[in-house]
Every structure is written in structure tokens, then in C-alpha cells.
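> Take a look at start.txt, compact mmCIF, C-alpha atoms:
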# COMPACT_ATOMS: atom_id res chain seq x y z
CA MET A 1 0.00 0.00 0.00
CA ILE A 2 1.13 3.56 -0.64
CA THR A 3 -0.41 6.68 0.88
CA LYS A 4 -2.17 9.32 -1.22
CA ARG A 5 0.73 11.64 -0.52
CA GLU A 6 3.25 9.08 -1.75
CA TYR A 7 1.12 8.44 -4.83
CA LYS A 8 1.23 12.14 -5.70
CA GLN A 9 4.99 12.31 -5.13
CA TYR A 10 5.69 9.50 -7.57
CA ARG A 11 3.09 10.77 -10.04
CA ASP A 12 4.77 14.18 -10.07
CA LYS A 13 8.21 12.61 -10.50
CA ALA A 14 6.88 10.59 -13.44
CA LEU A 15 5.37 13.71 -15.02
CA LYS A 16 8.82 15.30 -15.11
CA TYR A 17 10.04 12.33 -17.16
CA PHE A 18 7.20 12.70 -19.64
CA GLU A 19 8.31 16.33 -20.01
CA LYS A 20 11.95 15.33 -20.47
CA ALA A 21 10.93 12.78 -23.10
CA LYS A 22 8.66 15.40 -24.79
CA LEU A 23 5.70 13.00 -24.65
CA ALA A 24 2.40 14.87 -24.32
CA LEU A 25 -0.34 13.66 -21.98
CA THR A 26 -3.89 14.88 -21.53
CA LYS A 27 -4.89 16.39 -18.17
CA LYS A 28 -6.86 13.25 -17.38
CA GLU A 29 -3.84 11.06 -18.10
CA LYS A 30 -1.59 13.29 -15.98
CA ASN A 31 -3.97 12.96 -13.04
CA SER A 32 -4.32 9.21 -13.34
CA ILE A 33 -0.73 8.01 -13.85
CA GLU A 34 -0.48 4.57 -12.30
CA VAL A 35 2.16 4.10 -9.60
CA ALA A 36 2.98 0.43 -9.04
CA ASP A 37 4.66 -0.30 -5.72
CA PHE A 38 4.18 -4.07 -6.12
CA GLY A 39 3.02 -4.17 -2.52
CA LEU A 40 6.61 -3.81 -1.28
CA HIS A 41 6.56 -0.15 -0.17
CA ARG A 42 10.07 0.52 -1.40
CA THR A 43 9.09 2.28 -4.61
CA ASP A 44 12.41 4.09 -5.10
CA GLU A 45 14.06 0.70 -5.57
CA ILE A 46 11.24 -1.50 -6.91
CA GLY A 47 8.40 0.24 -8.65
CA LEU A 48 7.06 1.56 -11.92
CA GLU A 49 5.02 4.53 -13.12
CA LEU A 50 2.82 4.06 -16.17
CA VAL A 51 0.08 5.42 -18.40
CA VAL A 52 -2.11 2.96 -20.29
CA TYR A 53 -3.05 4.46 -23.67
CA ALA A 54 -5.07 1.51 -24.90
CA ASN A 55 -5.87 -1.96 -23.63
CA ASN A 56 -8.61 -3.84 -25.46
CA ASN A 57 -9.20 -7.41 -26.58
CA ARG A 58 -6.85 -6.92 -29.59
CA TYR A 59 -3.81 -4.94 -28.38
CA CYS A 60 -2.32 -2.81 -25.62
CA ALA A 61 -0.07 0.27 -25.53
CA LYS A 62 1.48 1.87 -22.46
CA GLU A 63 4.16 4.38 -21.59
CA LEU A 64 6.40 3.26 -18.72
CA VAL A 65 8.57 5.47 -16.53
CA LEU A 66 11.50 4.13 -14.54
CA LEU A 67 13.05 6.56 -12.08
CA PRO A 68 16.86 6.37 -11.77
CA HIS A 69 17.80 2.78 -10.85
CA GLN A 70 14.13 1.86 -10.27
CA ILE A 71 13.40 -1.81 -10.98
CA CYS A 72 10.35 -3.46 -12.50
CA PRO A 73 10.69 -6.83 -10.75
CA GLU A 74 11.06 -10.23 -12.43
CA HIS A 75 7.86 -11.70 -13.84
CA ARG A 76 6.34 -13.57 -16.76
CA HIS A 77 3.02 -13.46 -18.57
CA PRO A 78 1.68 -17.03 -18.55
CA ALA A 79 -0.77 -18.56 -21.03
CA ILE A 80 -4.34 -17.38 -20.45
CA SER A 81 -6.19 -19.87 -22.64
CA GLU A 82 -5.64 -22.28 -25.50
CA SER A 83 -5.79 -19.43 -28.01
CA ASN A 84 -3.78 -17.00 -25.84
CA PRO A 85 -0.20 -18.15 -25.09
CA GLY A 86 0.33 -15.15 -22.78
CA LYS A 87 1.19 -11.51 -23.30
CA GLN A 88 3.91 -10.70 -25.81
CA GLU A 89 5.43 -7.24 -25.51
CA THR A 90 7.84 -4.92 -27.29
CA PHE A 91 9.76 -2.35 -25.24
CA ARG A 92 10.95 0.73 -27.10
CA CYS A 93 13.18 3.14 -25.24
CA ARG A 94 12.15 6.77 -25.75
CA TYR A 95 14.32 8.53 -23.17
CA GLY A 96 17.26 7.61 -20.92
CA GLU A 97 18.52 4.08 -20.72
CA VAL A 98 16.96 0.81 -19.60
CA TYR A 99 18.61 -2.50 -18.78
CA VAL A 100 16.39 -5.46 -19.68
CA TYR A 101 17.06 -8.98 -18.38
CA VAL A 102 15.57 -12.16 -19.86
CA GLU A 103 16.11 -15.90 -19.84
CA GLY A 104 19.37 -16.91 -21.57
CA GLU A 105 23.16 -16.66 -21.23
CA PRO A 106 23.83 -14.55 -18.11
CA VAL A 107 25.95 -11.43 -18.62
CA ARG A 108 29.24 -11.40 -16.69
CA ARG A 109 29.09 -7.87 -15.36
CA PRO A 110 25.48 -6.72 -15.31
CA LYS A 111 24.78 -3.00 -15.49
CA ALA A 112 21.84 -3.42 -13.12
CA LYS A 113 22.14 -3.60 -9.35
CA VAL A 114 19.46 -5.32 -7.26
CA PRO A 115 18.81 -4.91 -3.51
CA ALA A 116 20.87 -7.43 -1.53
CA ASP A 117 17.87 -8.75 0.40
CA LYS A 118 15.97 -9.41 -2.86
CA LYS A 119 18.81 -11.16 -4.75
CA ASP A 120 16.91 -14.45 -4.97
CA ALA A 121 13.99 -12.76 -6.72
CA PHE A 122 16.14 -12.03 -9.80
CA THR A 123 17.00 -15.27 -11.58
CA VAL A 124 17.47 -14.30 -15.26
CA TRP A 125 20.51 -12.30 -16.34
CA LYS A 126 20.74 -12.18 -20.13
CA GLU A 127 21.21 -8.43 -20.60
CA ILE A 128 19.83 -6.14 -23.29
CA VAL A 129 20.67 -2.42 -23.03
CA LEU A 130 18.15 -0.11 -24.66
CA LYS A 131 18.90 3.52 -25.51
CA PRO A 132 16.48 5.93 -27.24
CA GLY A 133 15.26 4.32 -30.49
CA ASP A 134 16.27 0.79 -29.43
CA GLN A 135 13.61 -1.86 -28.85
CA TYR A 136 13.31 -5.48 -27.78
CA THR A 137 10.46 -8.00 -27.90
CA ILE A 138 9.79 -10.39 -25.01
CA PRO A 139 8.06 -13.65 -26.05
CA PRO A 140 5.05 -14.88 -24.02
CA ASN A 141 5.71 -16.70 -20.74
CA THR A 142 9.36 -15.56 -20.60
CA LEU A 143 10.85 -14.37 -17.30
CA HIS A 144 12.05 -10.77 -17.52
CA TRP A 145 12.78 -7.70 -15.42
CA PHE A 146 14.27 -4.31 -16.11
CA GLN A 147 15.93 -1.35 -14.43
CA GLY A 148 16.25 2.32 -15.36
CA GLY A 149 19.73 3.76 -15.85
CA LYS A 150 21.16 6.58 -13.75
CA LYS A 151 19.05 9.18 -15.59
CA GLY A 152 15.90 7.03 -15.46
CA ALA A 153 14.00 5.98 -18.59
CA VAL A 154 10.76 6.34 -20.50
CA VAL A 155 9.78 3.23 -22.43
CA SER A 156 6.88 2.65 -24.83
CA GLU A 157 5.33 -0.79 -24.48
CA PHE A 158 3.44 -2.25 -27.45
CA SER A 159 1.84 -5.60 -26.70
CA SER A 160 -1.00 -8.05 -26.94
CA THR A 161 -3.82 -7.55 -24.45
CA SER A 162 -2.58 -6.84 -20.92
CA THR A 163 -3.96 -8.74 -17.94
CA ASP A 164 -1.68 -7.58 -15.13
CA GLU A 165 -3.60 -9.59 -12.55
CA SER A 166 -2.50 -12.87 -14.21
CA ASP A 167 1.23 -12.03 -14.16
CA PHE A 168 3.51 -14.41 -12.30
CA PHE A 169 6.18 -12.75 -10.14
CA THR A 170 9.32 -14.54 -8.91
CA ASP A 171 9.17 -12.68 -5.57
CA PRO A 172 6.30 -14.24 -3.56
CA GLU A 173 5.95 -11.01 -1.55
CA ILE A 174 4.75 -9.08 -4.61
CA GLN A 175 1.18 -7.92 -5.13
CA ARG A 176 0.79 -6.44 -8.61
CA ILE A 177 -2.29 -4.34 -7.95
CA THR A 178 -1.28 -1.27 -5.95
CA LYS A 179 -3.49 -0.17 -3.09
CA ILE A 180 -3.65 3.55 -2.31
CA GLY A 181 -4.96 4.47 1.12
CA MET B 1 5.66 4.62 -58.59
CA ILE B 2 8.11 7.11 -57.12
CA THR B 3 11.73 7.51 -58.17
CA LYS B 4 14.61 6.78 -55.81
CA ARG B 5 15.30 10.52 -55.68
CA GLU B 6 11.70 11.26 -54.70
CA TYR B 7 11.82 8.52 -52.09
CA LYS B 8 14.89 10.13 -50.50
CA GLN B 9 13.27 13.58 -50.56
CA TYR B 10 10.20 12.40 -48.65
CA ARG B 11 12.26 10.26 -46.32
CA ASP B 12 14.40 13.28 -45.42
CA LYS B 13 11.31 15.44 -44.90
CA ALA B 14 9.87 12.79 -42.60
CA LEU B 15 13.13 12.59 -40.63
CA LYS B 16 12.80 16.30 -39.81
CA TYR B 17 9.40 15.57 -38.26
CA PHE B 18 10.82 12.79 -36.10
CA GLU B 19 13.38 15.35 -34.91
CA LYS B 20 10.70 17.95 -34.22
CA ALA B 21 8.66 15.37 -32.28
CA LYS B 22 11.84 14.26 -30.38
CA LEU B 23 11.22 10.63 -31.36
CA ALA B 24 14.48 8.70 -31.70
CA LEU B 25 15.05 6.23 -34.53
CA THR B 26 17.88 3.81 -35.15
CA LYS B 27 20.08 4.30 -38.23
CA LYS B 28 18.40 1.31 -39.86
CA GLU B 29 14.95 2.79 -39.24
CA LYS B 30 16.03 6.17 -40.59
CA ASN B 31 17.26 4.56 -43.80
CA SER B 32 14.14 2.46 -44.30
CA ILE B 33 11.30 4.92 -43.61
CA GLU B 34 8.38 3.86 -45.77
CA VAL B 35 7.01 6.47 -48.18
CA ALA B 36 3.49 5.62 -49.36
CA ASP B 37 2.44 7.41 -52.55
CA PHE B 38 -0.63 5.16 -52.95
CA GLY B 39 0.25 4.82 -56.64
CA LEU B 40 -1.04 8.34 -57.33
CA HIS B 41 2.30 10.19 -57.70
CA ARG B 42 1.02 13.32 -55.95
CA THR B 43 2.64 12.64 -52.60
CA ASP B 44 2.54 16.25 -51.37
CA GLU B 45 -1.26 16.01 -51.37
CA ILE B 46 -1.95 12.31 -50.84
CA GLY B 47 0.73 10.30 -49.13
CA LEU B 48 2.15 9.10 -45.85
CA GLU B 49 5.58 8.44 -44.33
CA LEU B 50 5.88 5.72 -41.72
CA VAL B 51 8.13 3.53 -39.58
CA VAL B 52 6.82 0.13 -38.51
CA TYR B 53 8.19 -0.66 -35.04
CA ALA B 54 6.47 -4.02 -34.64
CA ASN B 55 4.00 -6.06 -36.69
CA ASN B 56 3.49 -9.63 -35.58
CA ASN B 57 0.55 -12.02 -35.28
CA ARG B 58 -0.51 -10.35 -31.98
CA TYR B 59 -0.14 -6.56 -32.40
CA CYS B 60 1.30 -3.76 -34.48
CA ALA B 61 2.88 -0.38 -33.69
CA LYS B 62 3.89 2.30 -36.18
CA GLU B 63 4.88 5.95 -36.22
CA LEU B 64 3.15 7.94 -38.97
CA VAL B 65 4.27 11.28 -40.40
CA LEU B 66 1.92 13.59 -42.26
CA LEU B 67 3.56 16.54 -43.99
CA PRO B 68 1.57 19.81 -43.87
CA HIS B 69 -1.88 19.16 -45.38
CA GLN B 70 -0.83 15.68 -46.55
CA ILE B 71 -3.74 13.22 -46.69
CA CYS B 72 -3.87 9.51 -45.89
CA PRO B 73 -6.75 8.61 -48.22
CA GLU B 74 -10.06 7.03 -47.22
CA HIS B 75 -9.96 3.31 -46.53
CA ARG B 76 -11.18 0.58 -44.23
CA HIS B 77 -9.69 -2.61 -42.83
CA PRO B 78 -12.12 -5.41 -43.72
CA ALA B 79 -12.54 -8.72 -41.90
CA ILE B 80 -9.70 -11.14 -42.65
CA SER B 81 -11.20 -14.34 -41.25
CA GLU B 82 -13.90 -15.57 -38.88
CA SER B 83 -11.67 -14.87 -35.90
CA ASN B 84 -10.30 -11.57 -37.27
CA PRO B 85 -12.94 -8.84 -37.81
CA GLY B 86 -10.34 -6.54 -39.40
CA LYS B 87 -7.67 -4.25 -38.06
CA GLN B 88 -8.58 -2.02 -35.13
CA GLU B 89 -6.29 0.95 -34.56
CA THR B 90 -5.66 3.74 -32.08
CA PHE B 91 -4.13 6.99 -33.33
CA ARG B 92 -2.26 9.06 -30.77
CA CYS B 93 -1.03 12.48 -31.85
CA ARG B 94 2.56 13.14 -30.76
CA TYR B 95 3.32 16.35 -32.67
CA GLY B 96 1.37 18.90 -34.68
CA GLU B 97 -2.30 18.43 -35.44
CA VAL B 98 -4.22 15.79 -37.35
CA TYR B 99 -7.80 15.87 -38.61
CA VAL B 100 -9.38 12.41 -38.60
CA TYR B 101 -12.62 11.63 -40.47
CA VAL B 102 -14.81 8.59 -39.86
CA GLU B 103 -18.32 7.32 -40.53
CA GLY B 104 -20.98 9.35 -38.68
CA GLU B 105 -22.56 12.80 -38.52
CA PRO B 106 -20.68 14.98 -41.05
CA VAL B 107 -19.06 18.14 -39.69
CA ARG B 108 -20.41 21.38 -41.18
CA ARG B 109 -17.15 23.14 -41.79
CA PRO B 110 -14.38 20.57 -42.03
CA LYS B 111 -10.85 21.65 -41.21
CA ALA B 112 -9.50 19.36 -43.93
CA LYS B 113 -9.34 20.27 -47.60
CA VAL B 114 -9.28 17.59 -50.30
CA PRO B 115 -8.16 17.96 -53.93
CA ALA B 116 -11.13 18.99 -56.11
CA ASP B 117 -10.59 16.16 -58.63
CA LYS B 118 -10.61 13.59 -55.81
CA LYS B 119 -13.72 14.85 -53.99
CA ASP B 120 -15.68 11.65 -54.65
CA ALA B 121 -13.01 9.56 -52.94
CA PHE B 122 -13.79 11.14 -49.55
CA THR B 123 -17.22 10.03 -48.36
CA VAL B 124 -17.04 10.16 -44.52
CA TRP B 125 -16.92 13.50 -42.72
CA LYS B 126 -17.36 12.99 -38.99
CA GLU B 127 -14.41 15.03 -37.73
CA ILE B 128 -12.06 14.36 -34.82
CA VAL B 129 -9.23 16.84 -34.23
CA LEU B 130 -6.18 15.39 -32.47
CA LYS B 131 -3.52 17.54 -30.83
CA PRO B 132 -0.48 16.21 -28.95
CA GLY B 133 -1.65 13.78 -26.26
CA ASP B 134 -5.06 13.23 -27.88
CA GLN B 135 -6.00 9.84 -29.29
CA TYR B 136 -8.87 8.12 -31.07
CA THR B 137 -9.68 4.48 -31.79
CA ILE B 138 -11.07 3.37 -35.16
CA PRO B 139 -13.17 0.18 -34.99
CA PRO B 140 -12.55 -2.60 -37.57
CA ASN B 141 -14.05 -2.21 -41.04
CA THR B 142 -14.82 1.50 -40.52
CA LEU B 143 -14.13 3.98 -43.33
CA HIS B 144 -11.62 6.64 -42.28
CA TRP B 145 -9.07 9.10 -43.62
CA PHE B 146 -6.93 11.81 -42.11
CA GLN B 147 -4.97 14.94 -42.95
CA GLY B 148 -2.07 16.71 -41.28
CA GLY B 149 -2.57 20.29 -40.11
CA LYS B 150 -0.57 23.22 -41.41
CA LYS B 151 2.49 22.23 -39.35
CA GLY B 152 2.17 18.54 -40.27
CA ALA B 153 1.82 15.80 -37.67
CA VAL B 154 3.47 12.79 -36.10
CA VAL B 155 1.03 10.11 -34.97
CA SER B 156 1.66 6.87 -33.08
CA GLU B 157 -0.52 4.02 -34.29
CA PHE B 158 -1.23 1.12 -31.92
CA SER B 159 -3.27 -1.66 -33.50
CA SER B 160 -4.04 -5.28 -34.07
CA THR B 161 -1.94 -6.99 -36.74
CA SER B 162 -1.51 -4.90 -39.89
CA THR B 163 -2.12 -6.39 -43.33
CA ASP B 164 -1.90 -3.32 -45.57
CA GLU B 165 -2.40 -5.40 -48.70
CA SER B 166 -5.96 -6.27 -47.60
CA ASP B 167 -7.05 -2.64 -47.05
CA PHE B 168 -10.01 -1.40 -49.07
CA PHE B 169 -9.61 2.13 -50.52
CA THR B 170 -12.54 4.25 -51.72
CA ASP B 171 -10.46 5.63 -54.60
CA PRO B 172 -10.17 2.83 -57.22
CA GLU B 173 -6.98 4.41 -58.57
CA ILE B 174 -5.09 3.67 -55.37
CA GLN B 175 -2.40 1.01 -55.04
CA ARG B 176 -1.34 0.65 -51.41
CA ILE B 177 2.05 -0.92 -52.00
CA THR B 178 4.45 1.76 -53.22
CA LYS B 179 6.82 0.91 -56.05
CA ILE B 180 10.19 2.62 -56.08
CA GLY B 181 12.00 2.58 -59.42
Could you write out this structure as C-alpha cells?


Amino acid sequence: MITKREYKQYRDKALKYFEKAKLALTKKEKNSIEVADFGLHRTDEIGLELVVYANNNRYCAKELVLLPHQICPEHRHPAISESNPGKQETFRCRYGEVYVYVEGEPVRRPKAKVPADKKDAFTVWKEIVLKPGDQYTIPPNTLHWFQGGKKGAVVSEFSSTSTDESDFFTDPEIQRITKIG
Amino acid sequence: MITKREYKQYRDKALKYFEKAKLALTKKEKNSIEVADFGLHRTDEIGLELVVYANNNRYCAKELVLLPHQICPEHRHPAISESNPGKQETFRCRYGEVYVYVEGEPVRRPKAKVPADKKDAFTVWKEIVLKPGDQYTIPPNTLHWFQGGKKGAVVSEFSSTSTDESDFFTDPEIQRITKIG
């Protein structure tokens, strides 16, 4: 859970990144930026700010903000039904730098740093570094996590339909749906 | 058909709009911007410049450039199969202004102007004006066309899978796939 005051703090920080990236939002979007604390209440380290542009039964598009060194924790999008093998998503970096980690050959010296007490919750270490204009597609049901660089990052996400509530997180302490109170 | 020289001219014009909109492209993307002349060879009036970021069997994402007053001509995305009712797409204005026209109550004084000799090829006149941060979703199989404002426009398109070759255009003279020679 985060407090209303904390919500506004992170929302305002995220807004500054939209300005830096020169990505326009409507007033309504500005007021309703989602702050995900993943139920951990350590949003500076593990958290995400996002605006959902579209999410229907055909496709989804979001803009993600990562504050400096902020981590979107490891998760995968499992199969939903026989005709839906799970969410597939393309990350396109618009501003800053983002380090993406997926299943595969682990990198020797990762650019990302994870909190010592959460080390076990990060199990995949194949590294992809995205700078503005770079993009990478994550197949369905593939473990992945990502961290903003020292200047933070703004990342466009293009994907199949998003069903956040069905995501599987490696860290059993995580609750995807943020409570504000 | 457009010549290689014409292709490069429109590509370079489009690149300036990506710069104005502060949207980064890779070198490869810059070199392979698509210029659609719709087979009409009057690209200043009727044409479109685009970069396809992703187009797979789940979703599609593109960046569209409209030069000042340039028109993407009227078309619809018909059903492809029993399970695919046709492409659905969301336009999100990133830079400039774009006038979108769809089926419905015609606007009295449209902002768009169409070439006199092509008047019959524009049959839907419900007007939606998009400025940066505004977006609009076009249902499948719905006639639509759009025109850039006086400063041109950059528009993100989020959609279901794109199959340009199956698009239906109102103007029988149109060929969607541009030939460069």
C-alpha cells in the first residue's frame, strides 16, 4: 500500500520524465498516472510509473517510466487460454537508458544492481541495453525484469492484451495491484 | 511509382518531423522509412511516411508522419477471417495536429481540404481533431481518412496486426504498395 501523498509524489516525478521525453499527456492522463509499488513499499528501488493508452481485446499500448535505478521486478506473462499463449510485448526506449534482463546466457558484469535482500527474486541475467530508439520483444511466458539507468527511462510498451492480474512474479511477496490508502 | 530521388526527398522530410517530435530512430529505421504514394504520384497532397516498429501475429505499432496538409486517403480494414474482424487501430497524436474523419454525422465546416478532382473519394466527414496527447480508436471495417494540419503531424498508431495489402480504398486508382523505381 502507498499513501495518497506518496502516490502524488511518484506521479509528479513521473510527469517530469514525460516532459523530459517530450511526450504529451492529456490532463486526465496526468492525473491518473499509475504508480505500481508491487506491494513492497520501497518504490524508489522496486516500482514503476505508467500510463495505459489503450488496452482492449486486440492490443495494448502503455508508456512506462522508470526513475533512476528503479526496478520493475522479475515476472512472466503465462498462457491465459488455448488461443492465448500469454502476453507478448515490445519495449521501445524513448528517453534515458533501460537494462532489460531475460532468460538466456547470463551477462558477466550486469549494469543493473538489485537490492541485496531481494537477490533471490532475480533469476534471469541475459542483458539487453536499450537507448532511445532501441527496442526489444519479449516472447510470451518468458521471465524478464528491467531497471532504469542513472538518468531514469521512458519506455513505450506495445503488446498483446494486458492482464496484469494474471502475471507471475518470482518474488512471492509481490502484489501487482497497488493499493492507495 | 516514385523515383529513388523522390523517395529520399520524402524520407528526409519525414526525418525532420521525427526530430521535431523528439522521437528517436535507429540508423536502420532512418534509412528504411516507408514512403506511401498510394500509386497516385502526388505525394505532397496524398501520401504518408511511416516507420513500422512491430507487426506480428498479436499486435502492431507504427509511427506515422503527415507533412503539412498531406492526406492519408479514405480506406477501411475489412474482416480477414472468422476470428479476425479486421484491423482495429488507435491513433495518438505526438506532434502537430491531425484531422481524422470517420463514418458518422458529417461536420459542417471541415478543417480538412481535399483535392477537387478527388472529392468523390472522400465520403465520410465525422471530424475528430487530435492535438499532442489526444488519441482516437477506429473500430474494424470503418471507413476513415486523415490529414495533417498546417504544421504537419506525427502520430503513433497502436493496433491489431496490420495487413496493408488487404485494405479497401474508396479511390479505385489507389495502389497501397508503393513501387520505387

> Could you pull the residues within 7 Å of B:Pro73, counting all atoms listed in the file, minus those fewer than 6 positions along the same chain, as an mmCIF file with C-alpha atoms, in the frame of the given file?


data_model
loop_
_atom_site.group_PDB
_atom_site.id
_atom_site.type_symbol
_atom_site.label_atom_id
_atom_site.label_comp_id
_atom_site.auth_asym_id
_atom_site.auth_seq_id
_atom_site.Cartn_x
_atom_site.Cartn_y
_atom_site.Cartn_z
ATOM 1 C CA ILE B 46 -1.950 12.310 -50.840
ATOM 2 C CA TRP B 145 -9.070 9.100 -43.620
ATOM 3 C CA PHE B 146 -6.930 11.810 -42.110
#

> What are the residues of chain A lining chain B at 9 Å or less? Count all atoms listed in the file, and put the answer as a PDB file with C-alpha atoms, in the coordinates of the input.


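Contents of out-v4.pdb, as written:
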ATOM      1  CA  ALA A  21      10.930  12.780 -23.100  1.00  0.00           C
ATOM      2  CA  LYS A  22       8.660  15.400 -24.790  1.00  0.00           C
ATOM      3  CA  LEU A  23       5.700  13.000 -24.650  1.00  0.00           C
ATOM      4  CA  ALA A  24       2.400  14.870 -24.320  1.00  0.00           C
ATOM      5  CA  LEU A  25      -0.340  13.660 -21.980  1.00  0.00           C
ATOM      6  CA  THR A  26      -3.890  14.880 -21.530  1.00  0.00           C
ATOM      7  CA  GLU A  29      -3.840  11.060 -18.100  1.00  0.00           C
ATOM      8  CA  TYR A  53      -3.050   4.460 -23.670  1.00  0.00           C
ATOM      9  CA  ALA A  54      -5.070   1.510 -24.900  1.00  0.00           C
ATOM     10  CA  ARG A  58      -6.850  -6.920 -29.590  1.00  0.00           C
ATOM     11  CA  TYR A  59      -3.810  -4.940 -28.380  1.00  0.00           C
ATOM     12  CA  CYS A  60      -2.320  -2.810 -25.620  1.00  0.00           C
ATOM     13  CA  ALA A  61      -0.070   0.270 -25.530  1.00  0.00           C
ATOM     14  CA  LYS A  87       1.190 -11.510 -23.300  1.00  0.00           C
ATOM     15  CA  GLN A  88       3.910 -10.700 -25.810  1.00  0.00           C
ATOM     16  CA  GLU A  89       5.430  -7.240 -25.510  1.00  0.00           C
ATOM     17  CA  THR A  90       7.840  -4.920 -27.290  1.00  0.00           C
ATOM     18  CA  ARG A  92      10.950   0.730 -27.100  1.00  0.00           C
ATOM     19  CA  CYS A  93      13.180   3.140 -25.240  1.00  0.00           C
ATOM     20  CA  ARG A  94      12.150   6.770 -25.750  1.00  0.00           C
ATOM     21  CA  TYR A  95      14.320   8.530 -23.170  1.00  0.00           C
ATOM     22  CA  PRO A 132      16.480   5.930 -27.240  1.00  0.00           C
ATOM     23  CA  GLY A 133      15.260   4.320 -30.490  1.00  0.00           C
ATOM     24  CA  ASP A 134      16.270   0.790 -29.430  1.00  0.00           C
ATOM     25  CA  GLN A 135      13.610  -1.860 -28.850  1.00  0.00           C
ATOM     26  CA  THR A 137      10.460  -8.000 -27.900  1.00  0.00           C
ATOM     27  CA  PHE A 158       3.440  -2.250 -27.450  1.00  0.00           C
ATOM     28  CA  SER A 159       1.840  -5.600 -26.700  1.00  0.00           C
ATOM     29  CA  SER A 160      -1.000  -8.050 -26.940  1.00  0.00           C
ATOM     30  CA  THR A 161      -3.820  -7.550 -24.450  1.00  0.00           C
TER      31      THR A 161
END

> Take atom CA of A:Glu173 and atom CA of A:Asp12 and report the distance between them in Å, one decimal.

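For atom CA of A:Glu173 relative to atom CA of A:Asp12, the distance reads 26.6 Å.
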
> To one decimal place in Å, what is the distance between atom CA of B:Asp44 and atom CA of B:Arg108?

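Here the two named atoms are 25.6 Å from each other.
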
> Just want the 12 Å neighbourhood of B:Lys119, counted on all atoms listed in the file, with same-chain residues fewer than 5 positions away dropped. Output as number ranges by chain.

B: 73-74, 112-114, 124-125, 170-171

> Mind pulling up the distance from atom CA of A:Arg42 to atom CA of A:Met1?

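Separating atom CA of A:Met1 from atom CA of A:Arg42 is a distance of 10.2 Å.
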
> Could you pull the residues within 12 Å of B:Tyr101, counting only C-alpha atoms, minus those fewer than 2 positions along the same chain, as a PyMOL selection string?

chain B and resi 71-76+98-99+103-107+110-114+122-130+136-138+142-148

> Tell me which of B:Asn31, B:Asn55, B:Ser156, B:Asn141 sits closest to B:Pro85, counting only C-alpha atoms.

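Once distances to B:Pro85 are computed over only C-alpha atoms, the minimum belongs to B:Asn141.
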
> So which residues fall inside 8 Å of (6.2, 2.8, -57.0) if we count only C-alpha atoms? Mind giving them as a ChimeraX atom specification?

/B:1-3,37,39,177-181

> Show me the residues around (16.8, 5.5, -15.8) - criterion: an atom at most 10 Å away, all atoms listed in the file counted - as a ChimeraX atom specification.

/A:17,65-71,95-99,147-155

> Next, the residues of the selection above should be written as a CSV table (one decimal), in the coordinates of the input with C-alpha atoms.


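See selection-v4.csv below for the written result:
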chain,number,residue,atom,x,y,z
A,17,TYR,CA,10.0,12.3,-17.2
A,65,VAL,CA,8.6,5.5,-16.5
A,66,LEU,CA,11.5,4.1,-14.5
A,67,LEU,CA,13.0,6.6,-12.1
A,68,PRO,CA,16.9,6.4,-11.8
A,69,HIS,CA,17.8,2.8,-10.8
A,70,GLN,CA,14.1,1.9,-10.3
A,71,ILE,CA,13.4,-1.8,-11.0
A,95,TYR,CA,14.3,8.5,-23.2
A,96,GLY,CA,17.3,7.6,-20.9
A,97,GLU,CA,18.5,4.1,-20.7
A,98,VAL,CA,17.0,0.8,-19.6
A,99,TYR,CA,18.6,-2.5,-18.8
A,147,GLN,CA,15.9,-1.4,-14.4
A,148,GLY,CA,16.2,2.3,-15.4
A,149,GLY,CA,19.7,3.8,-15.8
A,150,LYS,CA,21.2,6.6,-13.8
A,151,LYS,CA,19.0,9.2,-15.6
A,152,GLY,CA,15.9,7.0,-15.5
A,153,ALA,CA,14.0,6.0,-18.6
A,154,VAL,CA,10.8,6.3,-20.5
A,155,VAL,CA,9.8,3.2,-22.4

> Which of these residues is nearest to B:Glu45, using only C-alpha atoms: B:Arg176, B:Lys118, B:His77, B:Arg109?

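Smallest separation from B:Glu45 among the options: B:Lys118.
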
> Which of these, A:Ala121, A:Val100, A:Ala14, A:Val51, has the shortest distance to A:Ser32 once you count only C-alpha atoms?

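Answer, going by the shortest atom-to-atom distance: A:Val51.
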
> Go through B:Pro140, B:Ala79, B:Thr43, B:Asp167 and flag the residue nearest B:Val102, using all atoms listed in the file for the distances.

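Looking only at the distances to B:Val102, the closest residue turns out to be B:Pro140.
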
> Stretch 145-158 of chain A, all listed atoms, 6 Å padding on each side: what axis-aligned box centre and edge lengths in Å to one decimal come out, as AutoDock Vina command-line options?


--center_x 12.3 --center_y 0.7 --center_z -20.6 --size_x 29.7 --size_y 28.9 --size_z 25.7
